[in-house]
file input-v6.csv (CSV, C-alpha atoms and all ligand atoms)
chain,number,residue,atom,x,y,z
B,1,MET,CA,18.4,26.6,-23.1
B,2,ALA,CA,16.1,25.1,-25.7
B,3,ARG,CA,16.7,25.9,-29.4
B,4,LYS,CA,13.7,27.5,-31.0
B,5,VAL,CA,12.5,25.9,-34.2
B,6,ALA,CA,10.0,27.7,-36.4
B,7,VAL,CA,7.6,25.3,-38.1
B,8,LEU,CA,6.1,26.2,-41.5
B,9,VAL,CA,3.4,24.0,-42.9
B,10,GLY,CA,2.6,24.3,-46.6
B,11,SER,CA,-1.1,23.3,-46.2
B,12,LEU,CA,-3.9,25.5,-45.1
B,13,ARG,CA,-6.4,22.6,-45.0
B,14,LYS,CA,-8.0,22.0,-41.6
B,15,GLY,CA,-7.5,18.2,-41.7
B,16,SER,CA,-4.0,18.5,-43.3
B,17,PHE,CA,-1.9,15.3,-43.0
B,18,THR,CA,1.2,17.5,-43.3
B,19,ARG,CA,0.2,19.5,-40.2
B,20,LYS,CA,-0.4,16.2,-38.3
B,21,VAL,CA,3.0,14.9,-39.3
B,22,ALA,CA,4.7,18.1,-38.3
B,23,ALA,CA,3.0,18.0,-34.9
B,24,ALA,CA,4.0,14.3,-34.4
B,25,ILE,CA,7.6,15.1,-35.3
B,26,ALA,CA,7.6,18.0,-32.8
B,27,GLU,CA,6.1,15.8,-30.1
B,28,LEU,CA,8.7,13.1,-30.5
B,29,ALA,CA,11.7,15.4,-30.9
B,30,PRO,CA,14.3,15.8,-28.1
B,31,LYS,CA,13.3,18.2,-25.4
B,32,GLU,CA,16.1,20.6,-26.3
B,33,LEU,CA,14.1,21.6,-29.3
B,34,ALA,CA,11.2,24.0,-28.8
B,35,PHE,CA,8.9,24.1,-31.8
B,36,GLU,CA,7.0,27.2,-32.7
B,37,PRO,CA,4.3,27.0,-35.5
B,38,LEU,CA,4.4,30.1,-37.8
B,39,GLU,CA,1.0,30.7,-39.5
B,40,ILE,CA,1.3,31.7,-43.1
B,41,ASP,CA,-2.3,31.9,-44.1
B,42,ASP,CA,-2.7,35.7,-43.7
B,43,LEU,CA,0.4,36.7,-45.7
B,44,PRO,CA,-0.5,39.0,-48.6
B,45,LEU,CA,1.0,37.7,-51.9
B,46,TYR,CA,4.5,39.0,-52.3
B,47,ASN,CA,4.7,42.2,-54.3
B,48,GLN,CA,8.0,44.1,-54.5
B,49,ASP,CA,6.1,47.4,-55.0
B,50,VAL,CA,4.8,47.3,-51.4
B,51,ASP,CA,8.0,46.0,-49.9
B,52,THR,CA,9.0,49.5,-48.7
B,53,THR,CA,10.1,50.8,-45.3
B,54,THR,CA,6.5,50.1,-44.2
B,55,PRO,CA,5.7,46.6,-45.6
B,56,PRO,CA,2.4,44.9,-44.8
B,57,GLU,CA,2.3,44.0,-41.1
B,58,PRO,CA,1.9,40.2,-41.6
B,59,TRP,CA,5.2,40.2,-43.6
B,60,GLN,CA,7.0,42.1,-40.8
B,61,ARG,CA,5.6,39.7,-38.3
B,62,LEU,CA,6.8,36.6,-40.2
B,63,ARG,CA,10.3,38.1,-40.7
B,64,GLU,CA,10.7,38.9,-37.1
B,65,ARG,CA,9.5,35.5,-35.9
B,66,VAL,CA,11.8,33.7,-38.3
B,67,ARG,CA,14.7,35.9,-37.1
B,68,ALA,CA,14.0,35.0,-33.5
B,69,CYS,CA,14.3,31.3,-34.2
B,70,ASP,CA,17.4,29.2,-34.3
B,71,ALA,CA,16.2,26.8,-37.0
B,72,VAL,CA,13.4,26.0,-39.3
B,73,LEU,CA,11.3,22.9,-40.0
B,74,PHE,CA,9.6,22.9,-43.3
B,75,ALA,CA,6.7,20.5,-43.6
B,76,THR,CA,5.3,20.4,-47.2
B,77,PRO,CA,2.7,18.6,-49.2
B,78,GLU,CA,3.2,18.3,-52.9
B,79,TYR,CA,1.2,20.3,-55.4
B,80,ASN,CA,1.9,19.5,-59.0
B,81,ARG,CA,5.3,18.1,-58.1
B,82,SER,CA,6.4,21.2,-56.2
B,83,VAL,CA,5.6,23.1,-53.0
B,84,PRO,CA,2.2,24.7,-52.6
B,85,GLY,CA,2.1,28.4,-53.5
B,86,VAL,CA,1.4,29.4,-49.9
B,87,LEU,CA,4.7,28.0,-48.7
B,88,LYS,CA,6.6,29.5,-51.7
B,89,ASN,CA,5.0,32.9,-50.8
B,90,ALA,CA,6.1,32.7,-47.2
B,91,ILE,CA,9.6,31.8,-48.3
B,92,ASP,CA,9.7,34.8,-50.7
B,93,VAL,CA,8.3,37.1,-48.1
B,94,GLY,CA,11.0,36.0,-45.5
B,95,SER,CA,13.8,36.3,-48.1
B,96,ARG,CA,13.4,40.1,-48.6
B,97,PRO,CA,14.3,42.9,-48.5
B,98,TYR,CA,17.4,42.1,-50.6
B,99,GLY,CA,20.4,41.4,-48.4
B,100,LYS,CA,18.3,41.1,-45.2
B,101,SER,CA,16.8,37.6,-45.6
B,102,ALA,CA,15.4,36.3,-42.4
B,103,TRP,CA,16.3,32.7,-43.5
B,104,ALA,CA,20.0,33.2,-44.0
B,105,GLY,CA,22.2,30.8,-42.1
B,106,LYS,CA,19.3,29.1,-40.2
B,107,PRO,CA,19.7,25.3,-40.2
B,108,ALA,CA,16.6,23.6,-41.8
B,109,ALA,CA,15.0,20.2,-42.1
B,110,ILE,CA,12.4,19.2,-44.6
B,111,VAL,CA,9.6,16.7,-44.3
B,112,SER,CA,7.4,16.1,-47.3
B,113,VAL,CA,4.1,14.4,-47.0
B,114,ALA,CA,1.6,12.8,-49.4
B,115,PRO,CA,-1.2,10.2,-49.3
B,116,GLY,CA,0.3,8.7,-52.4
B,117,HIS,CA,3.4,6.4,-52.8
B,118,VAL,CA,6.1,8.9,-53.8
B,119,GLY,CA,6.1,10.9,-50.5
B,120,ALA,CA,6.1,14.3,-52.2
B,121,PHE,CA,9.7,13.8,-53.4
B,122,GLY,CA,9.2,16.5,-56.0
B,123,ALA,CA,8.2,19.1,-53.5
B,124,ASN,CA,11.0,18.0,-51.1
B,125,HIS,CA,13.7,18.6,-53.7
B,126,HIS,CA,12.3,21.8,-55.1
B,127,LEU,CA,12.4,23.1,-51.6
B,128,ARG,CA,16.0,21.8,-51.2
B,129,GLN,CA,16.9,23.9,-54.3
B,130,MET,CA,15.5,27.0,-52.6
B,131,LEU,CA,17.4,26.4,-49.4
B,132,VAL,CA,20.7,26.4,-51.3
B,133,PHE,CA,20.0,30.0,-52.5
B,134,LEU,CA,18.6,31.0,-49.1
B,135,ASP,CA,21.9,29.8,-47.5
B,136,MET,CA,20.1,27.5,-45.1
B,137,PRO,CA,22.1,24.4,-44.3
B,138,ALA,CA,19.7,21.5,-44.8
B,139,LEU,CA,19.7,18.2,-42.9
B,140,GLN,CA,20.6,15.5,-45.4
B,141,GLN,CA,19.9,12.3,-43.5
B,142,PRO,CA,17.5,10.8,-42.7
B,143,GLU,CA,15.6,12.0,-45.8
B,144,MET,CA,11.9,12.3,-44.9
B,145,TYR,CA,9.5,11.4,-47.6
B,146,VAL,CA,6.2,10.5,-45.8
B,147,SER,CA,3.9,8.4,-48.1
B,148,GLY,CA,0.5,6.9,-47.3
B,149,ALA,CA,-0.2,9.9,-45.0
B,150,ASP,CA,-3.9,9.3,-45.0
B,151,LYS,CA,-3.3,6.0,-43.2
B,152,LEU,CA,-0.7,7.1,-40.6
B,153,PHE,CA,-3.1,8.3,-37.9
B,154,ASP,CA,-5.8,6.6,-36.0
B,155,ALA,CA,-9.3,8.0,-35.3
B,156,ALA,CA,-7.9,9.8,-32.2
B,157,GLY,CA,-5.2,11.5,-34.4
B,158,LYS,CA,-2.4,9.4,-32.9
B,159,LEU,CA,0.3,7.8,-35.0
B,160,ALA,CA,-0.8,4.3,-35.9
B,161,SER,CA,2.6,2.8,-36.9
B,162,ASP,CA,5.5,2.1,-34.6
B,163,THR,CA,7.9,2.1,-37.5
B,164,THR,CA,6.8,5.6,-38.5
B,165,ARG,CA,7.1,6.7,-34.8
B,166,GLN,CA,10.7,5.4,-34.7
B,167,LEU,CA,11.5,7.2,-38.0
B,168,PHE,CA,10.2,10.5,-36.6
B,169,VAL,CA,12.2,10.0,-33.4
B,170,LYS,CA,15.4,9.4,-35.4
B,171,PHE,CA,14.6,12.5,-37.6
B,172,GLY,CA,14.1,14.8,-34.6
B,173,ALA,CA,17.3,13.6,-33.0
B,174,ALA,CA,19.3,14.1,-36.2
B,175,PHE,CA,17.8,17.6,-36.6
B,176,ALA,CA,18.8,18.5,-33.0
B,177,ARG,CA,22.4,17.3,-33.7
B,178,TRP,CA,22.4,19.2,-37.0
B,179,ILE,CA,21.3,22.4,-35.3
B,180,GLU,CA,24.2,22.1,-32.8
B,181,ARG,CA,26.7,21.5,-35.6
B,182,THR,CA,25.6,24.2,-37.9
B,183,ALA,CA,24.3,26.9,-35.4
B,184,PRO,CA,26.4,26.4,-32.3
B,185,ALA,CA,25.1,28.2,-29.3
B,186,ARG,CA,26.5,31.4,-30.7
B,187,GLU,CA,24.7,34.3,-31.4
B,188,ARG,CA,22.3,33.7,-28.5
L,201,LIG,C1,-3.5,21.5,-56.4
L,201,LIG,C2,-3.1,20.1,-55.9
L,201,LIG,C3,-2.1,19.5,-56.6
L,201,LIG,C4,-1.7,18.2,-56.1
L,201,LIG,N1,-0.6,17.7,-56.6
L,201,LIG,C5,0.0,16.5,-56.1
L,201,LIG,C6,1.2,16.0,-56.5
L,201,LIG,O1,1.9,16.6,-57.4
L,201,LIG,N2,1.7,14.9,-55.9
L,201,LIG,C7,1.0,14.3,-54.9
L,201,LIG,O2,1.5,13.3,-54.3
L,201,LIG,N3,-0.2,14.8,-54.5
L,201,LIG,C8,-0.7,15.9,-55.0
L,201,LIG,N4,-1.9,16.4,-54.6
L,201,LIG,C9,-2.7,15.7,-53.5
L,201,LIG,C10,-2.1,16.0,-52.1
L,201,LIG,O3,-1.0,15.2,-51.8
L,201,LIG,C11,-3.2,15.8,-51.1
L,201,LIG,O4,-4.3,16.7,-51.3
L,201,LIG,C12,-2.7,16.0,-49.7
L,201,LIG,O5,-3.7,15.6,-48.7
L,201,LIG,C13,-2.3,17.5,-49.4
L,201,LIG,O6,-1.7,17.6,-48.1
L,201,LIG,P1,-2.4,18.0,-46.8
L,201,LIG,O7,-3.2,16.8,-46.4
L,201,LIG,O8,-1.4,18.4,-45.8
L,201,LIG,O9,-3.3,19.2,-47.1
L,201,LIG,C14,-2.4,17.6,-55.0
L,201,LIG,C15,-3.4,18.3,-54.4
L,201,LIG,C16,-3.8,19.5,-54.9
L,201,LIG,C17,-5.0,20.2,-54.2
call {"tool": "encode", "arguments": {"input": "input-v6.csv", "output": "structure tokens"}}
result
Amino acid sequence: MARKVAVLVGSLRKGSFTRKVAAAIAELAPKELAFEPLEIDDLPLYNQDVDTTTPPEPWQRLRERVRACDAVLFATPEYNRSVPGVLKNAIDVGSRPYGKSAWAGKPAAIVSVAPGHVGAFGANHHLRQMLVFLDMPALQQPEMYVSGADKLFDAAGKLASDTTRQLFVKFGAAFARWIERTAPARER
């Protein structure tokens, strides 16, 4: 049975390079991974005051959908050397109520994306720091800092570079192995 991978993209922009990269990785990944995009644009900002027994419906939906997945792919741009607020908000929402985090124990992989040369290294590593606290075993290698993202795709939206395609294939295969190692077919 395929392993379900939730995909969170930290950009709400229509033409987001990060979203395109996430889609390309999903397309090139082994067939035993079934990717499921989780939209985060309608999540109210996290506020502990309203995190009661009847929290906002979009929070509940996110938590349930994360719980139903075997693993999580985080695709993040970099805003001011960290993750965009929308992604941090989704992470905060999923992490509560205290002791009932939807993220706990789910294997994760991170791809960070930027048009510039540094490949959103700062965002990637801020996110890694969060995953330690969230108890999400994070894929270490290959690290995936995608730079020059504005030149990766042709006019039809297809990957223009074979080298990048091969890197994405390698990343998807490593993530599939990582999921089997860290979340063996258990719990399902
Ligand atoms: C508020 C803001 C802060 C940004 N900070 C950074 C940054 O720290 N490093 C970087 O490489 N690019 C930065 N950028 C540029 C983004 O990398 C660029 O807008 C990118 O296209 C965003 O990803 P997306 O295409 O998936 O929306 C920033 C953009 C915005 C809007």
call {"tool": "closest_residue", "arguments": {"input": "input-v6.csv", "among": "B:Ala75, B:Val132, B:Ala149, B:Ala156", "to": "Leu8 in chain B", "atoms": "all atoms listed in the file"}}
result
B:Ala75
call {"tool": "closest_atom_pairs", "arguments": {"input": "input-v6.csv", "of": "chain B", "to": "ligand LIG 201 (chain L)", "cutoff": "8 Å", "atoms": "all atoms listed in the file", "output": "CSV"}}
result
residue,atom,partner,partner_atom,distance
B:Val9,CA,L:LIG201,O8,7.9
B:Gly10,CA,L:LIG201,O8,7.2
B:Ser11,CA,L:LIG201,O9,4.7
B:Leu12,CA,L:LIG201,O9,6.6
B:Arg13,CA,L:LIG201,O9,5.1
B:Lys14,CA,L:LIG201,O9,7.8
B:Gly15,CA,L:LIG201,O7,6.5
B:Ser16,CA,L:LIG201,O8,3.6
B:Phe17,CA,L:LIG201,O7,3.9
B:Thr18,CA,L:LIG201,O8,3.7
B:Arg19,CA,L:LIG201,O8,5.9
B:Lys20,CA,L:LIG201,O8,7.9
B:Thr76,CA,L:LIG201,O8,7.1
B:Pro77,CA,L:LIG201,O6,4.6
B:Glu78,CA,L:LIG201,C6,4.7
B:Tyr79,CA,L:LIG201,N1,3.4
B:Asn80,CA,L:LIG201,O1,3.3
B:Arg81,CA,L:LIG201,O1,3.8
B:Ser82,CA,L:LIG201,O1,6.5
B:Pro84,CA,L:LIG201,C1,7.6
B:Val113,CA,L:LIG201,O6,6.7
B:Ala114,CA,L:LIG201,O3,4.3
B:Pro115,CA,L:LIG201,O3,5.6
B:Gly116,CA,L:LIG201,O2,5.1
B:His117,CA,L:LIG201,O2,7.3
B:Val118,CA,L:LIG201,O2,6.4
B:Gly119,CA,L:LIG201,O2,6.4
B:Ala120,CA,L:LIG201,O2,5.2
B:Gly122,CA,L:LIG201,O1,7.4
B:Ala123,CA,L:LIG201,O1,7.8
B:Ala149,CA,L:LIG201,O5,7.6
B:Asp150,CA,L:LIG201,O5,7.3
call {"tool": "atom_distance", "arguments": {"input": "input-v6.csv", "atom1": "CA of Gln141 in chain B", "atom2": "CA of Gly99 in chain B"}}
result
29.5 Å
call {"tool": "closest_residue", "arguments": {"input": "input-v6.csv", "among": "B:Ala102, B:Pro97, B:Ala2, B:Ala24", "to": "Leu152 in chain B", "atoms": "only C-alpha atoms"}}
result
B:Ala24
call {"tool": "closest_atom_pairs", "arguments": {"input": "input-v6.csv", "of": "range 74-148 of chain B", "to": "range 40-53 of chain B", "cutoff": "8 Å", "atoms": "all atoms listed in the file", "output": "tab-separated table"}}
result
residue	atom	partner	partner_atom	distance
B:Val86	CA	B:Ile40	CA	7.2
B:Leu87	CA	B:Ile40	CA	7.5
B:Asn89	CA	B:Tyr46	CA	6.3
B:Ala90	CA	B:Ile40	CA	6.4
B:Asp92	CA	B:Tyr46	CA	6.9
B:Val93	CA	B:Tyr46	CA	6.0
B:Pro97	CA	B:Asp51	CA	7.2
call {"tool": "atom_distance", "arguments": {"input": "input-v6.csv", "atom1": "CA of Arg177 in chain B", "atom2": "CA of Val83 in chain B"}}
result
26.2 Å
call {"tool": "atom_distance", "arguments": {"input": "input-v6.csv", "atom1": "CA of Val7 in chain B", "atom2": "CA of Ala23 in chain B"}}
result
9.2 Å
call {"tool": "closest_residue", "arguments": {"input": "input-v6.csv", "among": "B:Lys106, B:Arg63, B:His126, B:Lys31", "to": "Ala173 in chain B", "atoms": "all atoms listed in the file"}}
result
B:Lys31
call {"tool": "closest_residue", "arguments": {"input": "input-v6.csv", "among": "B:Asp154, B:Glu57, B:Glu32, B:Glu39", "to": "Asp70 in chain B", "atoms": "only C-alpha atoms"}}
result
B:Glu32
call {"tool": "closest_residue", "arguments": {"input": "input-v6.csv", "among": "B:Leu167, B:Leu38, B:Ala183, B:Ala6", "to": "Pro58 in chain B", "atoms": "all atoms listed in the file"}}
result
B:Leu38
